file input-v1.txt (compact mmCIF, C-alpha atoms)
# COMPACT_ATOMS: atom_id res chain seq x y z
CA MET A 275 0.00 0.00 0.00
CA ARG A 276 1.23 3.52 -0.67
CA CYS A 277 0.17 7.09 -0.20
CA ASP A 278 -1.71 8.56 -3.19
CA GLY A 279 -1.24 12.22 -2.51
CA LEU A 280 0.63 14.47 -0.12
CA TYR A 281 1.99 13.19 3.11
CA SER A 282 1.14 14.99 6.32
CA LEU A 283 4.26 14.89 8.48
CA PHE A 284 3.51 13.76 12.06
CA LEU A 285 6.69 14.44 14.02
CA GLY A 286 5.65 13.11 17.44
CA CYS A 287 7.55 14.47 20.42
CA ILE A 288 10.96 12.80 20.70
CA VAL A 289 12.33 13.84 17.32
CA PRO A 290 11.41 17.56 17.37
CA ASN A 291 12.08 18.01 21.10
CA LEU A 292 15.12 15.80 21.71
CA PHE A 293 16.66 15.16 18.28
CA PRO A 294 16.08 18.20 16.04
CA GLU A 295 19.00 17.00 13.87
CA VAL A 296 16.97 13.91 13.02
CA GLU A 297 14.05 16.15 12.03
CA ARG A 298 16.43 18.09 9.75
CA ALA A 299 17.55 14.77 8.25
CA VAL A 300 13.96 13.63 7.72
CA ARG A 301 13.04 16.87 5.95
CA ASP A 302 16.22 16.85 3.84
CA THR A 303 15.68 13.23 2.83
CA LEU A 304 12.07 13.80 1.79
CA SER A 305 12.97 16.93 -0.19
CA LYS A 306 15.94 15.35 -1.93
CA LEU A 307 13.76 12.42 -2.98
CA ASP A 308 10.89 14.67 -4.12
CA VAL A 309 8.51 13.17 -1.61
CA GLU A 310 5.86 15.84 -1.18
CA TYR A 311 4.70 16.61 2.33
CA SER A 312 3.37 19.32 4.56
CA ASP A 313 3.53 19.56 8.35
CA ALA A 314 0.60 18.27 10.38
CA ARG A 315 0.55 21.47 12.42
CA GLY A 316 -1.23 21.58 15.74
CA THR A 317 -1.15 17.82 16.29
CA ALA A 318 -0.32 16.64 19.80
CA CYS A 319 0.77 13.46 21.57
CA CYS A 320 -0.61 10.19 20.15
CA LEU A 321 -0.98 8.90 23.75
CA PRO A 322 0.72 5.60 22.84
CA PRO A 323 -0.87 2.60 24.58
CA ALA A 324 2.62 1.11 24.75
CA LEU A 325 3.49 3.83 27.27
CA PHE A 326 0.24 4.46 29.13
CA GLY A 327 -1.90 1.40 28.45
CA PHE A 328 -5.34 1.59 26.91
CA ASN A 329 -7.11 4.73 28.04
CA LYS A 330 -9.55 4.38 25.24
CA ASP A 331 -11.56 7.50 25.73
CA ALA A 332 -8.60 9.89 25.87
CA TRP A 333 -6.52 7.91 23.34
CA LEU A 334 -9.22 7.86 20.69
CA LYS A 335 -10.30 11.46 21.24
CA MET A 336 -6.74 12.77 21.12
CA ASN A 337 -6.11 10.89 17.90
CA LEU A 338 -9.43 11.80 16.35
CA ARG A 339 -8.27 15.38 16.89
CA ASN A 340 -4.89 14.52 15.34
CA PHE A 341 -6.50 12.91 12.29
CA GLY A 342 -8.69 15.99 11.92
CA LEU A 343 -5.54 18.05 11.40
CA ALA A 344 -4.03 15.73 8.76
CA LYS A 345 -3.75 17.23 5.29
CA GLY A 346 -3.16 13.86 3.66
CA ASP A 347 -1.98 10.50 4.91
CA PHE A 348 0.13 10.69 8.04
CA LEU A 349 3.84 10.10 7.68
CA THR A 350 5.38 9.23 11.05
CA VAL A 351 9.03 9.43 12.06
CA CYS A 352 8.48 7.60 15.36
CA ASP A 353 7.39 3.97 15.26
CA GLU A 354 5.51 4.27 18.52
CA CYS A 355 3.43 7.07 16.96
CA PHE A 356 2.95 4.84 13.92
CA ALA A 357 1.58 1.96 15.99
CA SER A 358 -0.60 4.20 18.16
CA LEU A 359 -2.11 6.09 15.21
CA GLN A 360 -2.60 2.92 13.17
CA ASP A 361 -4.41 1.20 16.04
CA ALA A 362 -6.47 4.26 16.91
CA ARG A 363 -7.52 4.62 13.28
CA ALA A 364 -8.66 0.98 13.13
CA SER A 365 -10.52 1.34 16.42
CA ILE A 366 -12.34 4.51 15.38
CA GLU A 367 -13.30 3.07 11.99
CA ARG A 368 -14.43 -0.20 13.57
CA GLU A 369 -16.73 1.67 15.89
CA GLY A 370 -18.47 3.20 12.92
CA GLY A 371 -16.56 6.43 12.68
CA LYS A 372 -15.84 8.02 9.34
CA ALA A 373 -12.94 6.87 7.17
CA LEU A 374 -9.68 8.45 8.31
CA PRO A 375 -6.39 9.22 6.55
CA ASN A 376 -3.96 6.34 6.38
CA VAL A 377 -0.76 6.13 8.42
CA PHE A 378 2.65 5.38 6.92
CA PRO A 379 5.93 5.00 8.78
CA PHE A 380 9.01 6.77 7.38
CA VAL A 381 10.43 3.47 6.00
CA MET A 382 7.33 2.89 3.91
CA ALA A 383 7.65 6.36 2.39
CA LEU A 384 11.25 5.51 1.50
CA LYS A 385 10.24 2.17 0.06
CA GLY A 386 7.87 4.04 -2.24
CA VAL A 387 10.84 5.87 -3.81
CA GLU A 388 13.48 3.17 -3.44
CA GLY A 389 14.42 3.38 -7.11
CA ALA A 390 15.22 7.09 -6.83
CA ILE A 391 17.43 6.62 -3.79
CA GLU A 392 20.14 4.63 -5.52
CA ASP A 393 20.21 7.11 -8.41
CA ARG A 394 20.56 10.11 -6.15
CA VAL A 395 23.12 8.88 -3.65
CA LYS A 396 26.03 11.30 -3.84
CA ASP A 397 28.26 9.56 -1.37
CA PRO A 398 27.92 5.78 -1.04
CA LEU A 399 28.41 5.28 2.69
CA ASN A 400 30.31 2.03 2.88
CA LEU A 401 29.41 1.52 6.54
CA ARG A 402 28.79 -1.72 8.40
CA CYS A 403 25.35 -1.23 9.93
CA ALA A 404 23.83 -3.25 12.75
CA VAL A 405 20.10 -2.57 12.74
CA GLN A 406 17.97 -2.18 15.83
CA HIS A 407 14.67 -3.27 14.31
CA SER A 408 11.83 -1.49 15.97
CA CYS A 409 9.30 -3.63 17.85
CA HIS A 410 6.45 -1.25 17.22
CA LEU A 411 7.10 -1.15 13.50
CA LEU A 412 7.11 -4.93 13.09
CA ARG A 413 4.71 -6.51 15.57
CA PRO A 414 2.02 -7.68 15.46
CA SER A 415 2.76 -8.12 11.76
CA SER A 416 -0.85 -8.99 10.92
CA VAL A 417 -1.77 -5.44 11.94
CA ARG A 418 1.38 -3.44 11.13
CA LYS A 419 1.76 -4.97 7.66
CA VAL A 420 5.23 -3.48 7.23
CA ASP A 421 7.72 -6.33 7.12
CA ASP A 422 8.51 -9.92 8.02
CA PRO A 423 8.55 -9.93 11.84
CA GLU A 424 11.20 -12.63 12.23
CA SER A 425 13.47 -11.70 9.36
CA PRO A 426 12.83 -8.12 8.26
CA ARG A 427 14.15 -7.03 4.87
CA LEU A 428 12.99 -3.46 4.40
CA VAL A 429 15.65 -1.56 6.34
CA LYS A 430 18.32 -3.93 4.99
CA SER A 431 17.49 -3.13 1.39
CA LEU A 432 17.23 0.60 2.11
CA LEU A 433 20.69 0.54 3.69
CA GLU A 434 22.14 -1.41 0.80
CA ALA A 435 20.81 1.23 -1.59
CA LEU A 436 22.99 3.72 0.33
CA GLY A 437 26.08 1.58 -0.16
CA CYS A 438 25.99 0.21 3.39
CA GLU A 439 26.52 -3.34 4.48
CA TYR A 440 23.84 -4.89 6.71
CA VAL A 441 25.51 -6.75 9.55
CA ALA A 442 23.59 -9.76 10.80
CA GLN A 443 23.27 -10.18 14.55
CA GLU A 444 22.52 -13.28 16.55
CA ASP A 445 19.12 -12.10 17.79
CA GLU A 446 18.08 -10.10 14.77
CA VAL A 447 14.78 -8.71 16.03
CA GLY A 448 15.53 -8.48 19.75
CA CYS A 449 14.08 -5.61 21.81
CA CYS A 450 16.38 -2.84 23.10
CA GLY A 451 14.27 -2.20 26.18
CA GLY A 452 13.57 1.38 25.16
CA SER A 453 9.89 1.28 26.06
CA ILE A 454 10.33 -0.35 29.44
CA CYS A 455 9.60 1.96 32.37
CA ALA A 456 12.63 4.02 33.36
CA GLY A 457 14.82 2.79 36.17
CA SER A 458 14.28 -0.86 35.38
CA GLU A 459 17.45 -2.91 35.43
CA ILE A 460 16.04 -4.98 32.58
CA SER A 461 15.85 -2.04 30.21
CA SER A 462 19.57 -1.32 30.74
CA LYS A 463 20.54 -4.96 30.42
CA LEU A 464 18.71 -5.21 27.11
CA ALA A 465 20.32 -2.06 25.74
CA ILE A 466 23.80 -3.20 26.72
CA ARG A 467 23.16 -6.60 25.15
CA ARG A 468 22.14 -4.97 21.85
CA ILE A 469 25.21 -2.72 21.85
CA ARG A 470 27.52 -5.68 22.61
CA GLY A 471 25.85 -7.63 19.80
CA ALA A 472 26.68 -4.82 17.38
CA GLU A 473 30.25 -4.63 18.68
CA ASP A 474 30.70 -8.40 18.36
CA ALA A 475 29.47 -8.19 14.76
CA ARG A 476 32.11 -5.47 14.19
CA ALA A 477 29.50 -2.95 13.10
CA ASP A 478 30.47 0.69 12.58
CA LEU A 479 27.17 1.86 14.03
CA ILE A 480 23.66 0.89 15.03
CA VAL A 481 20.84 2.17 12.82
CA THR A 482 17.22 2.34 13.88
CA THR A 483 13.94 3.73 12.61
CA CYS A 484 12.51 4.47 16.05
CA PRO A 485 13.42 7.47 18.24
CA HIS A 486 12.72 5.41 21.38
CA CYS A 487 15.47 2.96 20.37
CA LEU A 488 17.68 5.89 19.37
CA ARG A 489 17.27 7.61 22.73
CA HIS A 490 17.63 4.45 24.79
CA LEU A 491 20.59 2.87 22.99
CA GLY A 492 22.30 6.25 22.69
CA ALA A 493 22.05 6.71 26.46
CA HIS A 494 23.76 3.36 27.07
CA SER A 495 26.38 3.45 24.35
CA LYS A 496 29.92 4.64 25.03
CA ALA A 497 31.69 4.16 21.70
CA MET A 498 29.11 2.70 19.31
CA PRO A 499 27.30 5.45 17.36
CA VAL A 500 23.51 5.11 17.16
CA LEU A 501 21.71 6.91 14.32
CA HIS A 502 18.22 7.18 12.89
CA LEU A 503 17.83 5.79 9.37
CA ALA A 504 16.94 9.29 8.14
CA GLN A 505 20.38 10.57 9.18
CA LEU A 506 22.12 8.02 6.94
CA HIS A 507 19.82 8.84 4.06
CA ALA A 508 20.36 12.57 4.41
CA LEU A 509 24.11 12.04 4.65
CA ALA A 510 24.26 9.87 1.54
CA LEU A 511 22.05 12.31 -0.34
CA GLY A 512 24.38 15.22 0.36
CA SER A 513 23.14 16.96 3.53
CA ASN A 514 25.51 18.97 5.69
CA PRO A 515 26.79 16.53 8.38
CA SER A 516 26.81 19.22 11.06
CA GLU A 517 23.07 19.85 10.52
CA ILE A 518 21.99 16.23 10.67
CA GLY A 519 24.00 15.13 13.68
CA THR A 520 26.52 12.91 11.92
CA LYS A 521 29.57 15.15 12.07
CA GLY A 522 32.29 13.64 14.22
CA VAL A 523 30.08 10.66 14.96
CA LEU A 524 31.06 8.36 12.13
CA ARG A 525 34.59 7.26 11.38
CA MET B 1396 -11.31 -7.49 37.07
CA ARG B 1397 -11.57 -10.02 34.26
CA ASP B 1398 -14.53 -8.34 32.63
CA GLU B 1399 -12.97 -4.90 32.97
CA LEU B 1400 -9.79 -6.13 31.31
CA ILE B 1401 -11.75 -7.68 28.47
CA GLU B 1402 -13.83 -4.57 27.95
CA ASN B 1403 -10.88 -2.20 28.08
CA GLY B 1404 -8.73 -3.86 25.43
CA ALA B 1405 -8.34 -7.62 25.81
CA PRO B 1406 -11.38 -8.97 23.95
CA ASN B 1407 -9.86 -12.43 23.45
CA LEU B 1408 -8.67 -12.96 27.02
CA THR B 1409 -10.84 -16.03 27.63
CA ARG B 1410 -9.43 -17.81 24.59
CA CYS B 1411 -6.19 -18.38 26.51
CA ILE B 1412 -5.27 -22.07 26.78
CA GLN B 1413 -2.29 -21.38 29.06
CA CYS B 1414 0.11 -22.89 26.54
CA GLY B 1415 2.97 -20.66 27.71
CA THR B 1416 4.11 -19.49 24.28
CA CYS B 1417 4.00 -15.92 25.59
CA THR B 1418 6.28 -16.65 28.52
CA ALA B 1419 8.60 -18.78 26.40
CA SER B 1420 9.12 -15.91 23.96
CA CYS B 1421 9.02 -13.06 26.48
CA THR B 1422 11.91 -10.57 26.34
CA VAL B 1423 11.52 -9.66 30.02
CA PHE B 1424 10.92 -13.13 31.50
CA GLU B 1425 14.29 -14.28 30.27
CA LEU B 1426 15.93 -11.71 32.56
CA ASP B 1427 13.33 -11.32 35.30
CA ARG B 1428 11.33 -14.37 36.32
CA SER B 1429 8.92 -12.28 38.38
CA TYR B 1430 7.26 -11.22 35.13
CA ASN B 1431 5.56 -14.29 33.69
CA PRO B 1432 2.81 -13.30 31.24
CA ARG B 1433 1.20 -16.76 31.12
CA ARG B 1434 0.93 -16.82 34.90
CA LEU B 1435 -0.33 -13.25 35.02
CA ILE B 1436 -3.06 -14.06 32.48
CA GLN B 1437 -4.02 -17.08 34.56
CA VAL B 1438 -4.41 -14.82 37.59
CA PHE B 1439 -6.46 -12.35 35.54
CA LEU B 1440 -8.71 -15.20 34.42
CA VAL B 1441 -9.37 -17.06 37.65
CA ASP B 1442 -8.13 -15.15 40.71
CA ASP B 1443 -8.48 -11.84 42.46
CA ALA B 1444 -5.81 -10.02 40.50
CA SER B 1445 -5.53 -6.87 42.59
CA SER B 1446 -2.11 -7.61 44.06
CA GLU B 1447 -0.64 -8.90 40.81
CA ILE B 1448 -1.93 -6.34 38.31
CA PRO B 1449 0.91 -3.78 38.79
CA LYS B 1450 3.23 -6.34 37.19
CA ALA B 1451 1.67 -5.30 33.87
CA TRP B 1452 4.10 -2.35 34.00
CA LEU B 1453 7.05 -4.76 33.55
CA CYS B 1454 6.06 -5.66 29.96
CA SER B 1455 8.55 -4.30 27.41
CA THR B 1456 5.80 -4.04 24.74
CA CYS B 1457 8.12 -5.82 22.29
CA GLY B 1458 5.07 -7.70 21.00
CA VAL B 1459 6.76 -11.06 20.39
CA CYS B 1460 4.12 -12.84 22.54
CA THR B 1461 1.38 -11.22 20.51
CA GLU B 1462 3.05 -12.17 17.23
CA ARG B 1463 3.28 -15.80 18.31
CA CYS B 1464 0.17 -16.41 20.45
CA PRO B 1465 -1.68 -19.31 18.77
CA LYS B 1466 -5.09 -18.24 20.10
CA GLU B 1467 -4.89 -14.52 19.35
CA VAL B 1468 -5.18 -13.65 23.02
CA TRP B 1469 -2.67 -10.87 22.30
CA PRO B 1470 -0.90 -10.97 25.66
CA MET B 1471 0.72 -7.56 25.13
CA ASP B 1472 -2.71 -5.99 24.77
CA VAL B 1473 -3.82 -7.75 27.96
CA MET B 1474 -0.97 -5.94 29.75
CA LEU B 1475 -1.87 -2.64 28.07
CA SER B 1476 -5.49 -3.12 29.09
CA ALA B 1477 -4.31 -3.69 32.67
CA ARG B 1478 -2.12 -0.57 32.55
CA GLY B 1479 -5.07 1.47 31.39
CA LEU B 1480 -7.11 0.31 34.39
CA LEU B 1481 -4.21 1.17 36.70
CA VAL B 1482 -3.74 4.64 35.27
CA ARG B 1483 -7.40 5.45 35.67
CA SER B 1484 -8.50 3.80 38.87
CA ARG B 1485 -5.53 3.44 41.17
CA PRO B 1486 -3.61 5.97 43.20
CA PRO B 1487 -0.71 7.12 41.04
CA LYS B 1488 1.79 5.33 43.28
CA ASP B 1489 1.21 2.29 41.13
CA MET B 1490 2.19 4.22 38.06
CA PRO B 1491 5.89 4.34 37.23
CA LYS B 1492 7.36 7.79 37.78
CA ASP B 1493 8.51 8.29 34.19
CA ARG B 1494 5.01 7.59 32.87
CA LEU B 1495 3.48 9.99 35.35
CA ARG B 1496 6.03 12.61 34.31
CA SER B 1497 5.13 12.00 30.66
CA LEU B 1498 1.43 12.44 31.35
CA ILE B 1499 2.15 15.65 33.21
CA SER B 1500 4.28 16.77 30.29
CA ILE B 1501 1.40 16.11 27.86
CA SER B 1502 -0.96 18.16 30.00
CA ARG B 1503 1.53 21.05 30.05
CA SER B 1504 2.91 21.04 26.51
CA GLY B 1505 0.83 18.55 24.52
CA PHE B 1506 3.81 16.19 24.22
CA ALA B 1507 5.10 13.28 26.27
CA TYR B 1508 8.75 14.30 25.99
CA GLY B 1509 9.44 17.90 26.85
CA LYS B 1510 12.03 20.21 25.43
CA LYS B 1511 15.71 20.18 26.17
CA SER B 1512 17.18 23.52 27.17
CA GLY B 1513 18.48 25.49 24.22
CA LEU B 1514 16.08 23.74 21.87
CA LYS B 1515 14.56 26.86 20.42
CA ALA B 1516 17.94 28.23 19.32
CA ARG B 1517 19.03 24.85 18.02
CA ARG B 1518 15.88 24.51 15.91
CA LEU B 1519 16.39 28.00 14.57
CA THR B 1520 19.99 27.19 13.55
CA LEU B 1521 18.75 24.07 11.79
CA LYS B 1522 16.12 26.14 9.96
CA LEU B 1523 13.29 24.14 11.49
CA PRO B 1524 9.86 25.70 12.01
CA GLU B 1525 8.63 26.48 15.52
CA PHE B 1526 7.16 23.47 17.24
CA ASP B 1527 4.62 24.46 19.86
CA LEU B 1528 0.92 24.26 20.51
CA ASP B 1529 -0.78 27.58 21.06
CA LYS B 1530 -2.90 28.28 24.12
CA SER B 1531 -6.21 27.23 22.64
CA GLN B 1532 -4.77 24.04 21.16
CA LEU B 1533 -3.31 23.17 24.55
CA GLU B 1534 -6.66 23.81 26.18
CA GLN B 1535 -8.29 21.42 23.69
CA VAL B 1536 -5.74 18.74 24.50
CA ARG B 1537 -6.26 19.10 28.24
CA GLU B 1538 -10.02 18.80 27.83
CA LEU B 1539 -9.64 15.56 25.88
CA LEU B 1540 -7.02 14.14 28.19
CA MET B 1541 -8.02 14.88 31.74
CA PRO B 1542 -11.46 13.31 32.20
CA SER B 1543 -9.96 9.86 31.63
CA PHE B 1544 -7.56 9.80 34.50
CA GLY B 1545 -8.06 8.87 38.14
CA LYS B 1546 -8.87 11.69 40.53
CA LYS B 1547 -5.58 11.52 42.40
CA LEU B 1548 -3.59 11.56 39.21
CA LYS B 1549 -5.63 14.44 37.92
CA ARG B 1550 -5.02 16.37 41.12
CA GLN B 1551 -1.32 15.68 40.90
CA VAL B 1552 -1.23 16.94 37.33
CA ASP B 1553 -3.27 20.01 38.26
CA GLU B 1554 -0.87 20.84 41.08
CA VAL B 1555 2.17 20.90 38.85
call {"tool": "encode", "arguments": {"input": "input-v1.txt", "output": "structure tokens"}}
result
Amino acid sequence: MRCDGLYSLFLGCIVPNLFPEVERAVRDTLSKLDVEYSDARGTACCLPPALFGFNKDAWLKMNLRNFGLAKGDFLTVCDECFASLQDARASIEREGGKALPNVFPFVMALKGVEGAIEDRVKDPLNLRCAVQHSCHLLRPSSVRKVDDPESPRLVKSLLEALGCEYVAQEDEVGCCGGSICAGSEISSKLAIRRIRGAEDARADLIVTTCPHCLRHLGAHSKAMPVLHLAQLHALALGSNPSEIGTKGVLR
Amino acid sequence: MRDELIENGAPNLTRCIQCGTCTASCTVFELDRSYNPRRLIQVFLVDDASSEIPKAWLCSTCGVCTERCPKEVWPMDVMLSARGLLVRSRPPKDMPKDRLRSLISISRSGFAYGKKSGLKARRLTLKLPEFDLDKSQLEQVRELLMPSFGKKLKRQVDEV
């Protein structure tokens, strides 16, 4: 499935508030690939059930308001927003509400222009990338409909189009613990395990599509760079490294 | 408790055959045996779950259980249904501090993760548009958000 018209960019809160360089990279990537979009201005938190549980009344009302502000299909840069909006949309439509705009994660927008990416890469990156696959993008796959949940291919092929090498890890789709409540020992253990896995695979960096993974792994990593997929795309497509947060980060 | 959980977001709860696929594939159980989703669902189904329900906060929401559950019980959603009941009906002490902070942040700014200091200047340097809700938009958000949460939580948010 793909978007027919303009995308309406739903930034969520982590990217614009904590990682503005990733937002710059997202915007640069979309522009350089001629993906048309406008900002979904005035939208607020998607109240992700993964964080707060099902508070159906508030969750559906907040997202009904968000959908009302969409000027096309939503394009999300946070996979937790993607899952929350996708589920809210299904819930509202199931309960007899009107048809709502569709929701596409950033990777799906890239997949739609995959052919153009290879043509427009200015600087093949030649990096060994370990991927932190995002739980909320993949599972449950019968609902998300994005990729194979046990052996995902989408991010791999997008990285290869940039000249990167996808580095296989032992537990390919393991969770980084980024959505576990703060202060839990388990969330740290999981993050450290993922970073070690990337180190053992001699990766140059960890790449993810989800700002929760980015924030969490970044907070636990000492030497291993952790970047959002958009940052690699922007870099390969000729963005200024100091504007997209890659300057001095990559070897 | 069982009926509330079902109604709130676990419609297939009673399909559970206690096969243990959820626990066998659970990210958290492997490291912390106190979180056993199969056992927790059993408690939700047949016992008074009041002392056990806060364990629903231990779920990592990785969704592997839900991907693999052969009866479409969707164990992750069972935990999210339980969390929803906790957020609304319990004193906020049962709610992890970071989640409470996030809810407070939403009520103040419209977003779960607030701004870092120096953000405005950084966004300007990066030629990014302003990213804020105006007063009336924030008022709208608060009106949609607040009626759903337990009185004590609401009071706590109001006090901030």
call {"tool": "interface_residues", "arguments": {"input": "input-v1.txt", "of": "chain B", "to": "chain A", "cutoff": "8 Å", "atoms": "all atoms listed in the file", "output": "PyMOL selection string"}}
result
chain B and resi 1403-1404+1422-1423+1426-1427+1452-1459+1461-1462+1474-1480+1482-1483+1491-1494+1501+1505-1511+1514+1517-1518+1521+1523+1526-1528+1532+1536+1539-1543
call {"tool": "closest_residue", "arguments": {"input": "input-v1.txt", "among": "A:Arg368, A:Glu392, A:His407, A:Asp302", "to": "Val420 of chain A", "atoms": "all atoms listed in the file"}}
result
A:His407
call {"tool": "closest_residue", "arguments": {"input": "input-v1.txt", "among": "A:Ala477, A:Leu280, A:Val441, A:Ile366", "to": "Ser312 of chain A", "atoms": "all atoms listed in the file"}}
result
A:Leu280
call {"tool": "closest_residue", "arguments": {"input": "input-v1.txt", "among": "B:Gln1437, B:Ser1502, B:Ser1531, B:Ser1512", "to": "Arg1550 of chain B", "atoms": "all atoms listed in the file"}}
result
B:Ser1502
call {"tool": "residues_around", "arguments": {"input": "input-v1.txt", "residues": "segment 1463-1471 of chain B", "least_positions_apart": "4", "cutoff": "8 Å", "atoms": "all atoms listed in the file", "output": "PyMOL selection string"}}
result
chain B and resi 1405-1412+1416-1417+1432+1436+1454+1456+1458-1459+1475
call {"tool": "write_last_selection", "arguments": {"input": "input-v1.txt", "atoms": "C-alpha atoms", "output": "PDB file, in the coordinates of the input"}}
result
ATOM      1  CA  ALA B1405      -8.340  -7.620  25.810  1.00  0.00           C
ATOM      2  CA  PRO B1406     -11.380  -8.970  23.950  1.00  0.00           C
ATOM      3  CA  ASN B1407      -9.860 -12.430  23.450  1.00  0.00           C
ATOM      4  CA  LEU B1408      -8.670 -12.960  27.020  1.00  0.00           C
ATOM      5  CA  THR B1409     -10.840 -16.030  27.630  1.00  0.00           C
ATOM      6  CA  ARG B1410      -9.430 -17.810  24.590  1.00  0.00           C
ATOM      7  CA  CYS B1411      -6.190 -18.380  26.510  1.00  0.00           C
ATOM      8  CA  ILE B1412      -5.270 -22.070  26.780  1.00  0.00           C
ATOM      9  CA  THR B1416       4.110 -19.490  24.280  1.00  0.00           C
ATOM     10  CA  CYS B1417       4.000 -15.920  25.590  1.00  0.00           C
ATOM     11  CA  PRO B1432       2.810 -13.300  31.240  1.00  0.00           C
ATOM     12  CA  ILE B1436      -3.060 -14.060  32.480  1.00  0.00           C
ATOM     13  CA  CYS B1454       6.060  -5.660  29.960  1.00  0.00           C
ATOM     14  CA  THR B1456       5.800  -4.040  24.740  1.00  0.00           C
ATOM     15  CA  GLY B1458       5.070  -7.700  21.000  1.00  0.00           C
ATOM     16  CA  VAL B1459       6.760 -11.060  20.390  1.00  0.00           C
ATOM     17  CA  LEU B1475      -1.870  -2.640  28.070  1.00  0.00           C
TER      18      LEU B1475
END
call {"tool": "residues_around", "arguments": {"input": "input-v1.txt", "residues": "Phe380 of chain A", "least_positions_apart": "3", "cutoff": "7 Å", "atoms": "all atoms listed in the file", "output": "VMD selection string"}}
result
chain A and resid 349 to 351 383 to 384
call {"tool": "decode", "arguments": {"input": "input-v1.txt", "residues": "segment 1486-1529 of chain B", "atoms": "C-alpha atoms", "output": "CSV table (one decimal), in the first residue's frame"}}
result
chain,number,residue,atom,x,y,z
B,1486,PRO,CA,-3.6,6.0,43.2
B,1487,PRO,CA,-0.7,7.1,41.0
B,1488,LYS,CA,1.8,5.3,43.3
B,1489,ASP,CA,1.2,2.3,41.1
B,1490,MET,CA,2.2,4.2,38.1
B,1491,PRO,CA,5.9,4.3,37.2
B,1492,LYS,CA,7.4,7.8,37.8
B,1493,ASP,CA,8.5,8.3,34.2
B,1494,ARG,CA,5.0,7.6,32.9
B,1495,LEU,CA,3.5,10.0,35.4
B,1496,ARG,CA,6.0,12.6,34.3
B,1497,SER,CA,5.1,12.0,30.7
B,1498,LEU,CA,1.4,12.4,31.3
B,1499,ILE,CA,2.2,15.7,33.2
B,1500,SER,CA,4.3,16.8,30.3
B,1501,ILE,CA,1.4,16.1,27.9
B,1502,SER,CA,-1.0,18.2,30.0
B,1503,ARG,CA,1.5,21.1,30.1
B,1504,SER,CA,2.9,21.0,26.5
B,1505,GLY,CA,0.8,18.6,24.5
B,1506,PHE,CA,3.8,16.2,24.2
B,1507,ALA,CA,5.1,13.3,26.3
B,1508,TYR,CA,8.7,14.3,26.0
B,1509,GLY,CA,9.4,17.9,26.9
B,1510,LYS,CA,12.0,20.2,25.4
B,1511,LYS,CA,15.7,20.2,26.2
B,1512,SER,CA,17.2,23.5,27.2
B,1513,GLY,CA,18.5,25.5,24.2
B,1514,LEU,CA,16.1,23.7,21.9
B,1515,LYS,CA,14.6,26.9,20.4
B,1516,ALA,CA,17.9,28.2,19.3
B,1517,ARG,CA,19.0,24.8,18.0
B,1518,ARG,CA,15.9,24.5,15.9
B,1519,LEU,CA,16.4,28.0,14.6
B,1520,THR,CA,20.0,27.2,13.6
B,1521,LEU,CA,18.8,24.1,11.8
B,1522,LYS,CA,16.1,26.1,10.0
B,1523,LEU,CA,13.3,24.1,11.5
B,1524,PRO,CA,9.9,25.7,12.0
B,1525,GLU,CA,8.6,26.5,15.5
B,1526,PHE,CA,7.2,23.5,17.2
B,1527,ASP,CA,4.6,24.5,19.9
B,1528,LEU,CA,0.9,24.3,20.5
B,1529,ASP,CA,-0.8,27.6,21.1
